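Okay, final36.tsv now, which holds TSV, C-alpha atoms and all ligand atoms:
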chain	number	residue	atom	x	y	z
A	1	MET	CA	80.80	111.00	-72.99
A	2	ASN	CA	80.53	114.56	-74.28
A	3	LEU	CA	83.39	116.67	-75.66
A	4	LEU	CA	83.93	118.48	-72.36
A	5	GLU	CA	84.34	115.17	-70.51
A	6	LEU	CA	86.62	113.86	-73.26
A	7	SER	CA	88.80	116.95	-72.97
A	8	ALA	CA	88.94	116.70	-69.17
A	9	GLY	CA	89.93	113.03	-69.48
A	10	ALA	CA	92.71	113.83	-71.97
A	11	THR	CA	94.03	116.62	-69.73
A	12	PHE	CA	94.02	114.29	-66.72
A	13	VAL	CA	95.98	111.59	-68.57
A	14	HIS	CA	98.44	114.24	-69.78
A	15	GLU	CA	98.97	115.56	-66.23
A	16	VAL	CA	99.53	112.05	-64.83
A	17	VAL	CA	102.06	111.25	-67.54
A	18	LYS	CA	103.93	114.55	-67.09
A	19	HIS	CA	104.12	113.98	-63.33
A	20	GLU	CA	105.38	110.43	-63.84
A	21	GLN	CA	108.06	111.59	-66.31
A	22	ARG	CA	109.33	114.25	-63.90
A	23	VAL	CA	109.35	111.78	-61.00
A	24	GLU	CA	111.12	109.16	-63.13
A	25	ALA	CA	113.93	111.60	-63.93
A	26	LEU	CA	114.22	112.99	-60.40
A	27	VAL	CA	114.05	109.68	-58.52
A	28	GLY	CA	116.59	108.25	-60.96
A	29	ASP	CA	118.97	111.15	-60.37
A	30	PHE	CA	118.48	110.82	-56.60
A	31	ALA	CA	119.19	107.07	-56.76
A	32	ASP	CA	122.34	107.84	-58.80
A	33	ALA	CA	123.43	110.45	-56.24
A	34	LEU	CA	123.00	107.82	-53.50
A	35	ALA	CA	125.09	105.40	-55.58
A	36	LEU	CA	122.51	102.66	-55.07
A	37	PRO	CA	123.05	99.27	-56.73
A	38	LEU	CA	122.31	99.48	-60.46
A	39	ALA	CA	119.28	97.17	-60.22
A	40	GLU	CA	117.73	99.40	-57.57
A	41	ARG	CA	118.37	102.52	-59.65
A	42	ARG	CA	116.61	100.89	-62.60
A	43	GLU	CA	113.66	99.89	-60.42
A	44	ALA	CA	113.45	103.43	-59.07
A	45	ARG	CA	113.25	104.93	-62.57
A	46	LEU	CA	110.68	102.39	-63.74
A	47	ALA	CA	108.61	102.84	-60.59
A	48	GLY	CA	108.72	106.60	-61.15
A	49	ARG	CA	107.48	106.10	-64.69
A	50	PHE	CA	104.54	103.91	-63.70
A	51	HIS	CA	103.72	104.71	-60.08
A	52	ASP	CA	100.45	106.57	-60.76
A	53	ILE	CA	99.29	104.63	-63.82
A	54	GLY	CA	96.60	103.00	-61.67
A	55	LYS	CA	94.84	106.38	-61.50
A	56	LEU	CA	93.73	105.74	-65.06
A	57	ARG	CA	91.50	102.95	-63.70
A	58	VAL	CA	89.86	105.08	-61.03
A	59	PRO	CA	86.33	105.86	-62.28
A	60	PRO	CA	86.00	109.34	-63.89
A	61	GLU	CA	83.07	110.23	-61.62
A	62	ILE	CA	85.51	110.03	-58.69
A	63	ILE	CA	88.49	111.68	-60.42
A	64	PHE	CA	86.39	114.60	-61.61
A	65	LYS	CA	84.02	114.88	-58.68
A	66	PRO	CA	83.72	118.54	-57.65
A	67	GLY	CA	84.26	118.98	-53.93
A	68	ALA	CA	85.43	116.54	-51.29
A	69	LEU	CA	85.43	112.78	-51.77
A	70	ASP	CA	83.53	110.60	-49.32
A	71	ARG	CA	85.24	107.75	-47.45
A	72	ASN	CA	84.47	105.08	-50.05
A	73	GLU	CA	85.63	107.30	-52.89
A	74	ARG	CA	88.88	108.09	-51.07
A	75	HIS	CA	89.41	104.36	-50.59
A	76	VAL	CA	89.03	103.79	-54.34
A	77	VAL	CA	91.61	106.53	-55.06
A	78	GLU	CA	93.94	104.95	-52.51
A	79	LEU	CA	93.81	101.71	-54.48
A	80	HIS	CA	95.66	103.29	-57.40
A	81	GLY	CA	98.96	101.71	-56.35
A	82	ALA	CA	97.43	98.22	-56.46
A	83	LEU	CA	95.62	99.06	-59.71
A	84	GLY	CA	98.94	100.20	-61.14
A	85	VAL	CA	100.55	96.88	-60.24
A	86	ASP	CA	97.71	95.11	-62.09
A	87	ILE	CA	98.28	97.24	-65.18
A	88	ILE	CA	102.05	96.79	-65.38
A	89	SER	CA	101.71	93.07	-64.57
A	90	GLU	CA	99.27	92.67	-67.47
A	91	ALA	CA	101.77	94.42	-69.73
A	92	HIS	CA	104.75	92.35	-68.56
A	93	GLU	CA	104.53	89.11	-66.59
A	94	GLU	CA	108.06	88.94	-65.22
A	95	LEU	CA	108.50	92.22	-63.39
A	96	PRO	CA	111.06	92.59	-60.61
A	97	ASP	CA	109.46	92.36	-57.17
A	98	GLY	CA	111.09	95.66	-56.27
A	99	LEU	CA	109.19	97.44	-59.04
A	100	ARG	CA	105.82	96.00	-58.00
A	101	GLU	CA	106.47	96.87	-54.37
A	102	ALA	CA	107.55	100.43	-55.14
A	103	VAL	CA	104.39	101.08	-57.17
A	104	LEU	CA	102.16	99.43	-54.56
A	105	TYR	CA	103.70	101.22	-51.58
A	106	HIS	CA	104.56	104.67	-52.95
A	107	HIS	CA	102.06	106.34	-50.60
A	108	GLU	CA	103.36	104.68	-47.45
A	109	ARG	CA	104.57	106.87	-44.60
A	110	TRP	CA	107.36	106.16	-42.14
A	111	ASP	CA	104.88	106.61	-39.26
A	112	GLY	CA	102.50	104.03	-40.73
A	113	LEU	CA	99.76	106.51	-41.64
A	114	GLY	CA	99.99	105.91	-45.40
A	115	TYR	CA	97.49	104.10	-47.61
A	116	GLU	CA	98.45	100.53	-46.68
A	117	GLY	CA	99.64	101.19	-43.12
A	118	VAL	CA	103.13	99.74	-43.63
A	119	THR	CA	105.66	101.29	-41.24
A	120	GLY	CA	109.33	102.25	-41.16
A	121	THR	CA	111.83	99.80	-42.59
A	122	ASP	CA	108.99	97.42	-43.56
A	123	ILE	CA	108.37	99.86	-46.42
A	124	PRO	CA	110.48	98.71	-49.37
A	125	HIS	CA	113.53	100.93	-49.91
A	126	VAL	CA	112.66	102.08	-53.44
A	127	ALA	CA	109.13	102.95	-52.30
A	128	ARG	CA	110.63	105.14	-49.53
A	129	LEU	CA	112.73	106.93	-52.13
A	130	LEU	CA	109.79	107.32	-54.46
A	131	SER	CA	107.47	108.71	-51.79
A	132	ILE	CA	109.89	111.60	-51.09
A	133	VAL	CA	110.29	112.48	-54.76
A	134	ASP	CA	106.57	112.04	-55.47
A	135	VAL	CA	105.57	114.55	-52.77
A	136	PHE	CA	108.35	116.95	-53.79
A	137	ASP	CA	107.17	116.94	-57.41
A	138	ALA	CA	103.51	117.31	-56.43
A	139	LEU	CA	104.33	120.38	-54.33
A	140	THR	CA	106.56	122.01	-56.95
A	141	ALA	CA	104.03	121.55	-59.77
A	142	ASP	CA	101.04	123.76	-60.52
A	143	ARG	CA	97.71	122.45	-59.29
A	144	VAL	CA	94.24	123.68	-60.25
A	145	TYR	CA	93.73	124.79	-56.63
A	146	ARG	CA	97.17	126.42	-56.08
A	147	PRO	CA	100.26	127.58	-57.97
A	148	ALA	CA	103.49	125.60	-57.76
A	149	MET	CA	105.55	126.06	-54.62
A	150	THR	CA	109.18	127.07	-54.96
A	151	GLU	CA	111.69	124.36	-54.16
A	152	ALA	CA	112.51	125.98	-50.81
A	153	GLU	CA	108.81	126.24	-49.89
A	154	ALA	CA	108.25	122.59	-50.80
A	155	LEU	CA	111.23	121.40	-48.74
A	156	ARG	CA	110.09	123.49	-45.76
A	157	GLN	CA	106.63	121.91	-45.97
A	158	MET	CA	108.13	118.43	-46.20
A	159	ILE	CA	110.31	119.15	-43.15
A	160	ALA	CA	107.15	120.20	-41.30
A	161	GLN	CA	105.65	116.82	-42.26
A	162	CYS	CA	108.61	115.15	-40.55
A	163	ASN	CA	108.73	116.76	-37.12
A	164	GLY	CA	108.51	113.35	-35.46
A	165	VAL	CA	105.76	114.58	-33.12
A	166	ASP	CA	102.63	115.03	-35.25
A	167	ALA	CA	103.94	113.21	-38.25
A	168	MET	CA	106.88	111.43	-39.80
A	169	TRP	CA	106.15	111.01	-43.47
A	170	PHE	CA	109.53	109.98	-44.79
A	171	ASP	CA	112.46	107.74	-43.93
A	172	PRO	CA	114.47	110.25	-41.81
A	173	CYS	CA	117.84	109.15	-43.15
A	174	LEU	CA	116.75	109.21	-46.80
A	175	PHE	CA	114.98	112.53	-46.31
A	176	ARG	CA	118.15	114.09	-44.87
A	177	GLN	CA	120.01	112.78	-47.90
A	178	PHE	CA	117.36	114.21	-50.20
A	179	ILE	CA	117.65	117.67	-48.65
A	180	ALA	CA	121.45	117.52	-48.82
A	181	TRP	CA	121.23	116.41	-52.45
A	182	ARG	CA	118.89	119.26	-53.40
A	183	CYS	CA	121.19	121.72	-51.63
A	184	ASP	CA	124.10	120.40	-53.70
A	185	ALA	CA	122.29	119.87	-57.03
A	186	SER	CA	119.59	122.52	-57.27
A	187	SER	CA	120.09	125.84	-59.02
A	188	ALA	CA	116.72	127.02	-57.69
A	189	LEU	CA	117.91	127.52	-54.11
A	190	THR	CA	119.65	130.70	-52.96
A	191	PRO	CA	122.74	130.50	-50.72
A	192	GLU	CA	120.56	131.73	-47.82
A	193	GLN	CA	117.97	129.00	-48.44
A	194	ILE	CA	120.68	126.36	-48.66
A	195	GLU	CA	122.11	127.52	-45.34
A	196	GLU	CA	118.62	127.42	-43.80
A	197	LEU	CA	117.82	123.98	-45.22
A	198	ARG	CA	121.13	122.48	-44.18
A	199	ALA	CA	120.37	123.54	-40.60
A	200	TYR	CA	116.91	121.90	-40.52
A	201	PRO	CA	117.67	118.21	-40.61
A	202	SER	CA	119.83	118.14	-37.51
A	203	ALA	CA	117.47	120.52	-35.69
A	204	ASP	CA	114.08	119.08	-36.58
A	205	LEU	CA	114.42	115.49	-37.69
A	206	PRO	CA	114.68	112.76	-35.07
A	207	PRO	CA	117.90	110.73	-35.25
B	1	FE	FE	100.20	108.08	-56.30
Would you mind writing the structure in this file as structure tokens?
Ligand SMILES: [Fe+2]
Amino acid sequence: MNLLELSAGATFVHEVVKHEQRVEALVGDFADALALPLAERREARLAGRFHDIGKLRVPPEIIFKPGALDRNERHVVELHGALGVDIISEAHEELPDGLREAVLYHHERWDGLGYEGVTGTDIPHVARLLSIVDVFDALTADRVYRPAMTEAEALRQMIAQCNGVDAMWFDPCLFRQFIAWRCDASSALTPEQIEELRAYPSADLPP
């Protein structure tokens, strides 16, 4: 490995850890706002902290491949939830099932088009929470291929991913609660954006 590759690897690890720390804080605050049972709140924070750790076992030639991944490479990337469960299980044998499930299923979609194909209420509750926060953080963070979206832009995009016709990424009830929570808790939204966002859920999300 040359110095350039070493530097790229260090930057990648740093980005994964920063993302996980932000998601840990945000999913924990969301779980608090929902007044979930304390055990579930703890699982949500821990799952946020470790949900992408499996990416560190995806081969560098896939992580750093310039251009699009082929089908097999995409499949390897999609295994990062399962790889993450392996890593945290090696570190600690007696993990709560809820933590393992949240890490394993954090890319599931309500419509069943996620990595593992689990659908609706079969997706563990903490994983449903985590998937919303994970996407929100990914959209509101800088990427090498685009600048960070504003919070309002990210929420609009997520609403578009939940029109119930082409796609339904998130648990509709939890997603409504997430939007309402951001409208209450965020200082990054203007009064006009809050008014707009509060109107979306009833208009665009299926019951
Ligand atoms: Fe992930």
**OP:** Check which residues fall inside 7 Å of ligand FE 1 (chain B) when counting only C-alpha atoms and all ligand atoms, and print them as number ranges by chain.
**Re:** A: 51-52, 80-81, 106-107
Residues just named, written with C-alpha atoms as a PDB file, in the coordinates of the input:
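Resulting contents of out.pdb:
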ATOM      1  CA  HIS A  51     103.720 104.710 -60.080  1.00  0.00           C
ATOM      2  CA  ASP A  52     100.450 106.570 -60.760  1.00  0.00           C
ATOM      3  CA  HIS A  80      95.660 103.290 -57.400  1.00  0.00           C
ATOM      4  CA  GLY A  81      98.960 101.710 -56.350  1.00  0.00           C
ATOM      5  CA  HIS A 106     104.560 104.670 -52.950  1.00  0.00           C
ATOM      6  CA  HIS A 107     102.060 106.340 -50.600  1.00  0.00           C
TER       7      HIS A 107
END
Original post:
Between CA of Phe175 (chain A) and CA of Glu78 (chain A), what is the distance, to one decimal in Å?
Top reply: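 If I compute the distance from CA of Phe175 (chain A) to CA of Glu78 (chain A), I get 23.2 Å.
Counting from CA of Trp181 (chain A), the distance to CA of Pro201 (chain A) is 12.5 Å.
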Axis-aligned box for all listed atoms of region 112-127 of chain A, 6 Å per side, centre and edges in Å to one decimal, as JSON:
{"center_x": 105.5, "center_y": 102.0, "center_z": -47.1, "size_x": 28.0, "size_y": 21.1, "size_z": 24.7}
**OP:** Identify which of the residues A:Glu195, A:Arg45, A:Thr190, A:Gln161 lies closest to Leu113 (chain A), counting all atoms listed in the file when measuring atom-to-atom distances.
**Re:** A:Gln161
Original post:
From the set A:Glu40, A:Ala141, A:Ile123, A:Ala8, which residue has the shortest atom-to-atom contact distance to Pro96 (chain A), counting all atoms listed in the file?
Top reply: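 Under the stated criterion, the closest residue is A:Glu40.
With distances taken over all atoms listed in the file, A:Phe170 is the one residue among A:Val77, A:Thr121, A:Phe170, A:Asp86 lying closest to Arg109 (chain A).
Across A:Asp97, A:Glu90, A:Asp122, A:Asp137, the tightest approach to Gly48 (chain A) is made by A:Asp137 when counting all atoms listed in the file.
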**OP:** Skip Leu174 (chain A) itself and residues of its chain fewer than 6 positions away, then list as a VMD selection string all residues within 9 Å of it, counting only C-alpha atoms.
**Re:** chain A and resid 128 to 129 132
Original post:
To one decimal place, how far is CA of Ala185 (chain A) from CA of Leu99 (chain A) in Å?
Top reply: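 Separation between CA of Ala185 (chain A) and CA of Leu99 (chain A): 26.1 Å.
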**OP:** Just the residues within 12 Å of Val27 (chain A), please, counting all atoms listed in the file, with nothing from its chain fewer than 5 positions along; format it as a PyMOL selection string.
**Re:** chain A and resi 19-22+32-34+36+40-49+51+102+126-137+178+181-182
Subject >> Residue contacts of Leu4 (chain A) (12 Å, all atoms listed in the file) excluding same-chain residues fewer than 6 positions away, as an MDAnalysis selection string >> reply: chainID A and resid 10:11 64
**OP:** Could you give me, as a list in words, the residues within 8 Å of Thr140 (chain A), counting all atoms listed in the file and dropping anything in the same chain fewer than 2 positions from it?
**Re:**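 Near neighbours after the sequence-gap exclusion: Phe136, Asp137, Ala138, Asp142, Ala148, Met149, Thr150, Glu151 and Ala154 of chain A.
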**OP:** Excluding Leu56 (chain A) and residues on its chain fewer than 3 positions from it, collect all residues at most 10 Å away from it, counting all atoms listed in the file, and give them as a list in words.
**Re:**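 Residues near the query, excluding close chain neighbours: Gly9, Phe12, Val13, Val16, Asp52, Ile53, Pro59, Pro60, Ile63, His80, Leu83, Gly84 and Ile87 of chain A.
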Subject >> Nearest residue to Leu197 (chain A) from the set A:Asp70, A:Glu153, A:Glu108, A:Glu5 (distances using all atoms listed in the file) >> reply: A:Glu153
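Among the candidates A:Arg146, A:His75, A:Arg176, A:Arg198, the residue lying nearest to Tyr115 (chain A) is A:His75 (atoms considered: only C-alpha atoms).
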